[in-house]
Amino acid sequence: MLRAHAIWKSFDGIDVLKGVDLHVQERECVCILGPSGSGKSTMLRCLNRLEEPDSGEIYLDGQKVSGPSVDLNGLRQQLGMVFQSFNLYPHLNALGNVTLALRKVKKLARPEADEIAIKALDTVGLRHKADAMPATLSGGQQQRVAIARAIALNPKVMLFDEPTSALDPELVGSVISTMRDLRTEGMTMVVVTHELRFAREAADKVVFMADGVEVAKGPPPEIFDAPPHPRLAEFLQQVS
Ligand SMILES: Nc1ncnc2c1ncn2[C@@H]1O[C@H](COP(=O)(O)OP(=O)(O)O)[C@@H](O)[C@H]1O
Ligand SMILES: [Mg+2]
């Protein structure tokens with residue numbers, strides 16, 4: 001479903017991604033782990049071209065989406081992204097936040113956009129909060145609205161960049177549980193996270209990055225129970 005090959009990216013002459021590959025099959029959940037600064041966010045942002053890779057190729061569902069003459073708005077609808085900071089519009093209620101792109105980008109009429117948005121809010125368990133303003137929602141609820149906003153566009157793949165890192169510990173569970181539900185429904189997902197339990201239980205494949213390269217990759221039992229690389233073993237000790 002998503003394939004990135006030899007992605008290189010530098011900032012100010014410093015190589016942040018040094019030829020990273022990523023393969024994600026349809027309905028797979030791939031979790032990316034790694035220390036801060038290892039290039040995880042940059043990799044996700046290169047996938048949907050929020051950052052322009054210096055070189056490398058990206059294919060989504062068989063279509064090349066790297067290089068010139070790619071419709072970036074179209075690409076970002078197909079690769080939904082959820083960030084650490086939820087970035088909801090404070091002056092719009094939950095429904096308004098979810099319908100915005102449906103109306104402005106997909107050009108849907110309000111009744112149709114509302115219907116899709118309500119379904120998406122239902123999926124994240126927040127149908128009853130459709131009228132709520134972001135400031136009245138908990139961080140976990142705001143993040144679930146942000147997830148609803150992305151899934152309402154019916155993406156082929158969802159990219160999550162540390163979606164629970166900005167949340168108070170007691171709010172992490174609701175977001176993780178929403179992500180589990182999406183996974184169960186067969187959403188194809190790439191998740192950068194420090195939630196090792198989620199990675200162990202939900203991932204088909206775990207990728208460990210450090211210093212802009214993939215250091216280790218494998219199914220969760222291989223990665224967690226018999227770390228194939230000392231840097232990974234050290235990282236797991238620090239995080240858990
Ligand atoms: N827009 C940018 N300009 C300059 N340096 C950047 C930019 N984005 C990321 N970096 C640098 O790239 C490296 C990798 O960052 P990032 O991808 O955010 O790592 P991670 O998500 O693994 O913590 C860091 O050293 C960071 O400072
Ligand atoms: Mg990051």
# chains A, B, ... in the order shown; residues from 1 in each chain; ligands from 1
$ residues_near_ligand --ligand "ligand 1" --cutoff "6 Å" --atoms "only C-alpha atoms and all ligand atoms" --output "number ranges by chain"
A: 11, 16, 36-42
$ select_by_dssp --residues "stretch 1-167 of chain A" --states "strand (DSSP E)" --output "count of residues only"
43
$ closest_residue --among "A:Phe224, A:Phe235, A:Phe208, A:Phe160" --to "A:Cys29" --atoms "only C-alpha atoms"
A:Phe160
$ atom_distance --atom1 "atom CA of A:Gly19" --atom2 "atom CA of A:Ile32"
15.6 Å
$ residues_around --residues "A:Glu52" --least-positions-apart "6" --cutoff "10 Å" --atoms "only C-alpha atoms" --output "list in words"
Ile7, Trp8, Lys9, Ser10, Thr42, Arg45, Cys46, Ser66 and Gly67 of chain A
$ write_last_selection --atoms "C-alpha atoms" --output "PDB file, in the first residue's frame"
ATOM      1  CA  ILE A   7      14.666   8.450   1.374  1.00  0.00           C
ATOM      2  CA  TRP A   8      17.396  11.019   2.008  1.00  0.00           C
ATOM      3  CA  LYS A   9      16.811  14.352   3.680  1.00  0.00           C
ATOM      4  CA  SER A  10      19.221  16.913   5.070  1.00  0.00           C
ATOM      5  CA  THR A  42      10.935  13.844   9.228  1.00  0.00           C
ATOM      6  CA  ARG A  45       6.542  14.236   6.884  1.00  0.00           C
ATOM      7  CA  CYS A  46       8.462  13.136   3.787  1.00  0.00           C
ATOM      8  CA  SER A  66       7.322  11.485  -5.075  1.00  0.00           C
ATOM      9  CA  GLY A  67       8.746  13.881  -7.615  1.00  0.00           C
TER      10      GLY A  67
END
$ residues_around --residues "stretch 92-96 of chain A" --least-positions-apart "6" --cutoff "9 Å" --atoms "only C-alpha atoms" --output "ChimeraX atom specification"
/A:114,117-118,121,126-127,129-134,142,145-146,149
$ write_last_selection --atoms "N, CA and C atoms" --output "PDB file, in the first residue's frame"
ATOM      1  N   ASP A 114     -21.608  16.826   6.794  1.00  0.00           N
ATOM      2  CA  ASP A 114     -22.048  16.567   8.173  1.00  0.00           C
ATOM      3  C   ASP A 114     -22.244  15.074   8.413  1.00  0.00           C
ATOM      4  N   ALA A 117     -18.943  13.386   8.671  1.00  0.00           N
ATOM      5  CA  ALA A 117     -18.247  13.810   9.891  1.00  0.00           C
ATOM      6  C   ALA A 117     -18.847  13.154  11.132  1.00  0.00           C
ATOM      7  N   ILE A 118     -20.165  13.045  11.155  1.00  0.00           N
ATOM      8  CA  ILE A 118     -20.815  12.401  12.309  1.00  0.00           C
ATOM      9  C   ILE A 118     -20.389  10.939  12.401  1.00  0.00           C
ATOM     10  N   LEU A 121     -16.913  10.921  13.794  1.00  0.00           N
ATOM     11  CA  LEU A 121     -16.934  11.190  15.242  1.00  0.00           C
ATOM     12  C   LEU A 121     -17.448   9.970  15.998  1.00  0.00           C
ATOM     13  N   LEU A 126     -17.067   9.945  19.782  1.00  0.00           N
ATOM     14  CA  LEU A 126     -17.364  11.322  20.193  1.00  0.00           C
ATOM     15  C   LEU A 126     -18.546  11.935  19.453  1.00  0.00           C
ATOM     16  N   ARG A 127     -19.446  11.091  19.003  1.00  0.00           N
ATOM     17  CA  ARG A 127     -20.620  11.606  18.326  1.00  0.00           C
ATOM     18  C   ARG A 127     -21.375  12.595  19.221  1.00  0.00           C
ATOM     19  N   LYS A 129     -20.247  14.640  21.201  1.00  0.00           N
ATOM     20  CA  LYS A 129     -19.505  15.893  21.410  1.00  0.00           C
ATOM     21  C   LYS A 129     -19.442  16.720  20.122  1.00  0.00           C
ATOM     22  N   ALA A 130     -20.272  16.405  19.154  1.00  0.00           N
ATOM     23  CA  ALA A 130     -20.208  17.090  17.858  1.00  0.00           C
ATOM     24  C   ALA A 130     -20.299  18.618  18.004  1.00  0.00           C
ATOM     25  N   ASP A 131     -21.096  19.082  18.965  1.00  0.00           N
ATOM     26  CA  ASP A 131     -21.290  20.526  19.123  1.00  0.00           C
ATOM     27  C   ASP A 131     -20.278  21.179  20.060  1.00  0.00           C
ATOM     28  N   ALA A 132     -19.420  20.366  20.659  1.00  0.00           N
ATOM     29  CA  ALA A 132     -18.511  20.916  21.676  1.00  0.00           C
ATOM     30  C   ALA A 132     -17.363  21.698  21.045  1.00  0.00           C
ATOM     31  N   MET A 133     -17.006  22.804  21.695  1.00  0.00           N
ATOM     32  CA  MET A 133     -15.841  23.563  21.246  1.00  0.00           C
ATOM     33  C   MET A 133     -14.579  22.877  21.789  1.00  0.00           C
ATOM     34  N   PRO A 134     -13.457  22.953  21.040  1.00  0.00           N
ATOM     35  CA  PRO A 134     -12.231  22.273  21.468  1.00  0.00           C
ATOM     36  C   PRO A 134     -11.829  22.587  22.916  1.00  0.00           C
ATOM     37  N   GLN A 142      -9.756  15.897  22.226  1.00  0.00           N
ATOM     38  CA  GLN A 142      -9.311  16.735  21.104  1.00  0.00           C
ATOM     39  C   GLN A 142      -8.510  15.900  20.102  1.00  0.00           C
ATOM     40  N   VAL A 145     -10.824  13.912  18.050  1.00  0.00           N
ATOM     41  CA  VAL A 145     -11.446  14.739  16.997  1.00  0.00           C
ATOM     42  C   VAL A 145     -10.462  14.889  15.830  1.00  0.00           C
ATOM     43  N   ALA A 146      -9.182  15.080  16.158  1.00  0.00           N
ATOM     44  CA  ALA A 146      -8.175  15.209  15.095  1.00  0.00           C
ATOM     45  C   ALA A 146      -8.092  13.905  14.280  1.00  0.00           C
ATOM     46  N   ARG A 149     -11.089  13.840  12.054  1.00  0.00           N
ATOM     47  CA  ARG A 149     -10.884  14.761  10.934  1.00  0.00           C
ATOM     48  C   ARG A 149     -10.092  14.081   9.815  1.00  0.00           C
TER      49      ARG A 149
END
$ select_by_dssp --residues "stretch 74-222 of chain A" --states "helix (DSSP H, G or I)" --output "ChimeraX atom specification"
/A:74-78,94-104,110-123,127-129,134-136,139-151,169-184,196-202,220-222
$ residues_around --residues "stretch 196-200 of chain A" --least-positions-apart "2" --cutoff "12 Å" --atoms "only C-alpha atoms" --output "PyMOL selection string"
chain A and resi 29-34+162-164+172-173+175-181+183+189-194+202-208+218-225+235-240
$ atom_distance --atom1 "atom CA of A:Leu60" --atom2 "atom CA of A:Arg3"
6.5 Å
$ residues_around --residues "stretch 71-88 of chain A" --least-positions-apart "3" --cutoff "6 Å" --atoms "only C-alpha atoms" --output "PyMOL selection string"
chain A and resi 48+143+146+150+153+155-163+166
$ residues_around --residues "A:Val213" --least-positions-apart "6" --cutoff "7 Å" --atoms "only C-alpha atoms" --output "VMD selection string"
chain A and resid 17 to 20
$ write_last_selection --atoms "N, CA, C and O atoms" --output "PDB file, in the first residue's frame"
ATOM      1  N   LEU A  17      17.891  11.948   7.323  1.00  0.00           N
ATOM      2  CA  LEU A  17      17.470  10.629   6.831  1.00  0.00           C
ATOM      3  C   LEU A  17      18.520  10.175   5.827  1.00  0.00           C
ATOM      4  O   LEU A  17      18.856  10.900   4.893  1.00  0.00           O
ATOM      5  N   LYS A  18      19.021   8.977   6.058  1.00  0.00           N
ATOM      6  CA  LYS A  18      20.125   8.498   5.220  1.00  0.00           C
ATOM      7  C   LYS A  18      19.729   7.219   4.508  1.00  0.00           C
ATOM      8  O   LYS A  18      20.166   6.131   4.853  1.00  0.00           O
ATOM      9  N   GLY A  19      18.806   7.373   3.577  1.00  0.00           N
ATOM     10  CA  GLY A  19      18.428   6.207   2.773  1.00  0.00           C
ATOM     11  C   GLY A  19      17.472   5.280   3.492  1.00  0.00           C
ATOM     12  O   GLY A  19      17.723   4.082   3.580  1.00  0.00           O
ATOM     13  N   VAL A  20      16.390   5.830   4.015  1.00  0.00           N
ATOM     14  CA  VAL A  20      15.435   5.015   4.770  1.00  0.00           C
ATOM     15  C   VAL A  20      14.397   4.392   3.827  1.00  0.00           C
ATOM     16  O   VAL A  20      13.860   5.060   2.949  1.00  0.00           O
TER      17      VAL A  20
END
$ closest_residue --among "A:Ala120, A:Gln63, A:Pro111, A:Met43" --to "ligand 2" --atoms "only C-alpha atoms and all ligand atoms"
A:Met43
$ atom_distance --atom1 "atom CA of A:Pro228" --atom2 "atom CA of A:Glu201"
18.9 Å
$ closest_residue --among "A:Glu195, A:Gln25, A:Gly13, A:Leu44" --to "A:Ser165" --atoms "only C-alpha atoms"
A:Glu195
$ closest_residue --among "A:Leu22, A:Ala109, A:Val215, A:Leu167" --to "A:Ala6" --atoms "only C-alpha atoms"
A:Leu22
$ decode --residues "stretch 26-53 of chain A" --atoms "N, CA, C and O atoms" --output "PDB file, in the first residue's frame"
ATOM      1  N   GLU A  26      -1.256  -3.376   2.801  1.00  0.00           N
ATOM      2  CA  GLU A  26      -2.628  -2.999   3.109  1.00  0.00           C
ATOM      3  C   GLU A  26      -3.065  -3.660   4.422  1.00  0.00           C
ATOM      4  O   GLU A  26      -2.755  -4.831   4.662  1.00  0.00           O
ATOM      5  N   ARG A  27      -3.734  -2.910   5.263  1.00  0.00           N
ATOM      6  CA  ARG A  27      -4.264  -3.349   6.572  1.00  0.00           C
ATOM      7  C   ARG A  27      -3.193  -3.640   7.612  1.00  0.00           C
ATOM      8  O   ARG A  27      -3.488  -4.174   8.677  1.00  0.00           O
ATOM      9  N   GLU A  28      -1.945  -3.288   7.283  1.00  0.00           N
ATOM     10  CA  GLU A  28      -0.875  -3.502   8.246  1.00  0.00           C
ATOM     11  C   GLU A  28      -0.737  -2.307   9.172  1.00  0.00           C
ATOM     12  O   GLU A  28      -1.036  -1.176   8.785  1.00  0.00           O
ATOM     13  N   CYS A  29      -0.254  -2.570  10.387  1.00  0.00           N
ATOM     14  CA  CYS A  29       0.112  -1.495  11.304  1.00  0.00           C
ATOM     15  C   CYS A  29       1.611  -1.591  11.526  1.00  0.00           C
ATOM     16  O   CYS A  29       2.105  -2.598  12.045  1.00  0.00           O
ATOM     17  N   VAL A  30       2.341  -0.561  11.107  1.00  0.00           N
ATOM     18  CA  VAL A  30       3.792  -0.523  11.290  1.00  0.00           C
ATOM     19  C   VAL A  30       4.104   0.538  12.336  1.00  0.00           C
ATOM     20  O   VAL A  30       3.677   1.693  12.199  1.00  0.00           O
ATOM     21  N   CYS A  31       4.787   0.154  13.388  1.00  0.00           N
ATOM     22  CA  CYS A  31       5.171   1.108  14.423  1.00  0.00           C
ATOM     23  C   CYS A  31       6.644   1.461  14.273  1.00  0.00           C
ATOM     24  O   CYS A  31       7.472   0.581  14.042  1.00  0.00           O
ATOM     25  N   ILE A  32       6.934   2.750  14.385  1.00  0.00           N
ATOM     26  CA  ILE A  32       8.315   3.225  14.301  1.00  0.00           C
ATOM     27  C   ILE A  32       8.741   3.708  15.681  1.00  0.00           C
ATOM     28  O   ILE A  32       8.078   4.572  16.272  1.00  0.00           O
ATOM     29  N   LEU A  33       9.815   3.137  16.178  1.00  0.00           N
ATOM     30  CA  LEU A  33      10.380   3.538  17.463  1.00  0.00           C
ATOM     31  C   LEU A  33      11.735   4.178  17.209  1.00  0.00           C
ATOM     32  O   LEU A  33      12.369   3.919  16.191  1.00  0.00           O
ATOM     33  N   GLY A  34      12.188   4.950  18.180  1.00  0.00           N
ATOM     34  CA  GLY A  34      13.545   5.482  18.069  1.00  0.00           C
ATOM     35  C   GLY A  34      13.733   6.668  18.971  1.00  0.00           C
ATOM     36  O   GLY A  34      12.765   7.337  19.321  1.00  0.00           O
ATOM     37  N   PRO A  35      14.992   6.931  19.334  1.00  0.00           N
ATOM     38  CA  PRO A  35      15.255   8.068  20.221  1.00  0.00           C
ATOM     39  C   PRO A  35      14.885   9.388  19.564  1.00  0.00           C
ATOM     40  O   PRO A  35      14.754   9.467  18.333  1.00  0.00           O
ATOM     41  N   SER A  36      14.726  10.395  20.381  1.00  0.00           N
ATOM     42  CA  SER A  36      14.431  11.738  19.902  1.00  0.00           C
ATOM     43  C   SER A  36      15.538  12.192  18.956  1.00  0.00           C
ATOM     44  O   SER A  36      16.714  11.957  19.209  1.00  0.00           O
ATOM     45  N   GLY A  37      15.133  12.790  17.844  1.00  0.00           N
ATOM     46  CA  GLY A  37      16.116  13.297  16.893  1.00  0.00           C
ATOM     47  C   GLY A  37      16.590  12.274  15.877  1.00  0.00           C
ATOM     48  O   GLY A  37      17.451  12.562  15.051  1.00  0.00           O
ATOM     49  N   SER A  38      16.000  11.076  15.894  1.00  0.00           N
ATOM     50  CA  SER A  38      16.485  10.040  14.981  1.00  0.00           C
ATOM     51  C   SER A  38      15.908  10.163  13.574  1.00  0.00           C
ATOM     52  O   SER A  38      16.307   9.432  12.676  1.00  0.00           O
ATOM     53  N   GLY A  39      14.934  11.081  13.394  1.00  0.00           N
ATOM     54  CA  GLY A  39      14.406  11.305  12.049  1.00  0.00           C
ATOM     55  C   GLY A  39      13.021  10.734  11.814  1.00  0.00           C
ATOM     56  O   GLY A  39      12.524  10.722  10.680  1.00  0.00           O
ATOM     57  N   LYS A  40      12.353  10.291  12.875  1.00  0.00           N
ATOM     58  CA  LYS A  40      11.039   9.652  12.724  1.00  0.00           C
ATOM     59  C   LYS A  40       9.999  10.624  12.154  1.00  0.00           C
ATOM     60  O   LYS A  40       9.292  10.299  11.196  1.00  0.00           O
ATOM     61  N   SER A  41       9.911  11.816  12.744  1.00  0.00           N
ATOM     62  CA  SER A  41       8.924  12.790  12.249  1.00  0.00           C
ATOM     63  C   SER A  41       9.261  13.219  10.832  1.00  0.00           C
ATOM     64  O   SER A  41       8.372  13.353   9.988  1.00  0.00           O
ATOM     65  N   THR A  42      10.528  13.433  10.577  1.00  0.00           N
ATOM     66  CA  THR A  42      10.935  13.844   9.228  1.00  0.00           C
ATOM     67  C   THR A  42      10.533  12.768   8.212  1.00  0.00           C
ATOM     68  O   THR A  42      10.053  13.093   7.121  1.00  0.00           O
ATOM     69  N   MET A  43      10.689  11.521   8.593  1.00  0.00           N
ATOM     70  CA  MET A  43      10.311  10.424   7.683  1.00  0.00           C
ATOM     71  C   MET A  43       8.810  10.483   7.388  1.00  0.00           C
ATOM     72  O   MET A  43       8.402  10.448   6.218  1.00  0.00           O
ATOM     73  N   LEU A  44       7.989  10.601   8.436  1.00  0.00           N
ATOM     74  CA  LEU A  44       6.534  10.674   8.203  1.00  0.00           C
ATOM     75  C   LEU A  44       6.192  11.872   7.331  1.00  0.00           C
ATOM     76  O   LEU A  44       5.362  11.790   6.428  1.00  0.00           O
ATOM     77  N   ARG A  45       6.848  13.011   7.624  1.00  0.00           N
ATOM     78  CA  ARG A  45       6.542  14.236   6.884  1.00  0.00           C
ATOM     79  C   ARG A  45       7.007  14.149   5.422  1.00  0.00           C
ATOM     80  O   ARG A  45       6.419  14.792   4.550  1.00  0.00           O
ATOM     81  N   CYS A  46       8.040  13.361   5.178  1.00  0.00           N
ATOM     82  CA  CYS A  46       8.462  13.136   3.787  1.00  0.00           C
ATOM     83  C   CYS A  46       7.429  12.286   3.050  1.00  0.00           C
ATOM     84  O   CYS A  46       7.197  12.476   1.854  1.00  0.00           O
ATOM     85  N   LEU A  47       6.810  11.350   3.785  1.00  0.00           N
ATOM     86  CA  LEU A  47       5.855  10.449   3.122  1.00  0.00           C
ATOM     87  C   LEU A  47       4.688  11.229   2.530  1.00  0.00           C
ATOM     88  O   LEU A  47       4.219  10.912   1.433  1.00  0.00           O
ATOM     89  N   ASN A  48       4.203  12.226   3.239  1.00  0.00           N
ATOM     90  CA  ASN A  48       3.083  12.991   2.659  1.00  0.00           C
ATOM     91  C   ASN A  48       3.532  14.361   2.136  1.00  0.00           C
ATOM     92  O   ASN A  48       2.709  15.231   1.881  1.00  0.00           O
ATOM     93  N   ARG A  49       4.856  14.485   1.998  1.00  0.00           N
ATOM     94  CA  ARG A  49       5.455  15.648   1.328  1.00  0.00           C
ATOM     95  C   ARG A  49       5.242  16.950   2.076  1.00  0.00           C
ATOM     96  O   ARG A  49       5.239  18.026   1.469  1.00  0.00           O
ATOM     97  N   LEU A  50       5.069  16.852   3.414  1.00  0.00           N
ATOM     98  CA  LEU A  50       5.149  18.074   4.213  1.00  0.00           C
ATOM     99  C   LEU A  50       6.602  18.538   4.236  1.00  0.00           C
ATOM    100  O   LEU A  50       6.897  19.715   4.401  1.00  0.00           O
ATOM    101  N   GLU A  51       7.510  17.563   4.112  1.00  0.00           N
ATOM    102  CA  GLU A  51       8.914  17.858   3.814  1.00  0.00           C
ATOM    103  C   GLU A  51       9.203  17.263   2.456  1.00  0.00           C
ATOM    104  O   GLU A  51       8.681  16.210   2.118  1.00  0.00           O
ATOM    105  N   GLU A  52      10.052  17.936   1.702  1.00  0.00           N
ATOM    106  CA  GLU A  52      10.421  17.425   0.393  1.00  0.00           C
ATOM    107  C   GLU A  52      11.687  16.582   0.546  1.00  0.00           C
ATOM    108  O   GLU A  52      12.724  17.111   0.946  1.00  0.00           O
ATOM    109  N   PRO A  53      11.612  15.276   0.280  1.00  0.00           N
ATOM    110  CA  PRO A  53      12.840  14.463   0.365  1.00  0.00           C
ATOM    111  C   PRO A  53      13.875  14.982  -0.636  1.00  0.00           C
ATOM    112  O   PRO A  53      13.515  15.456  -1.714  1.00  0.00           O
TER     113      PRO A  53
END
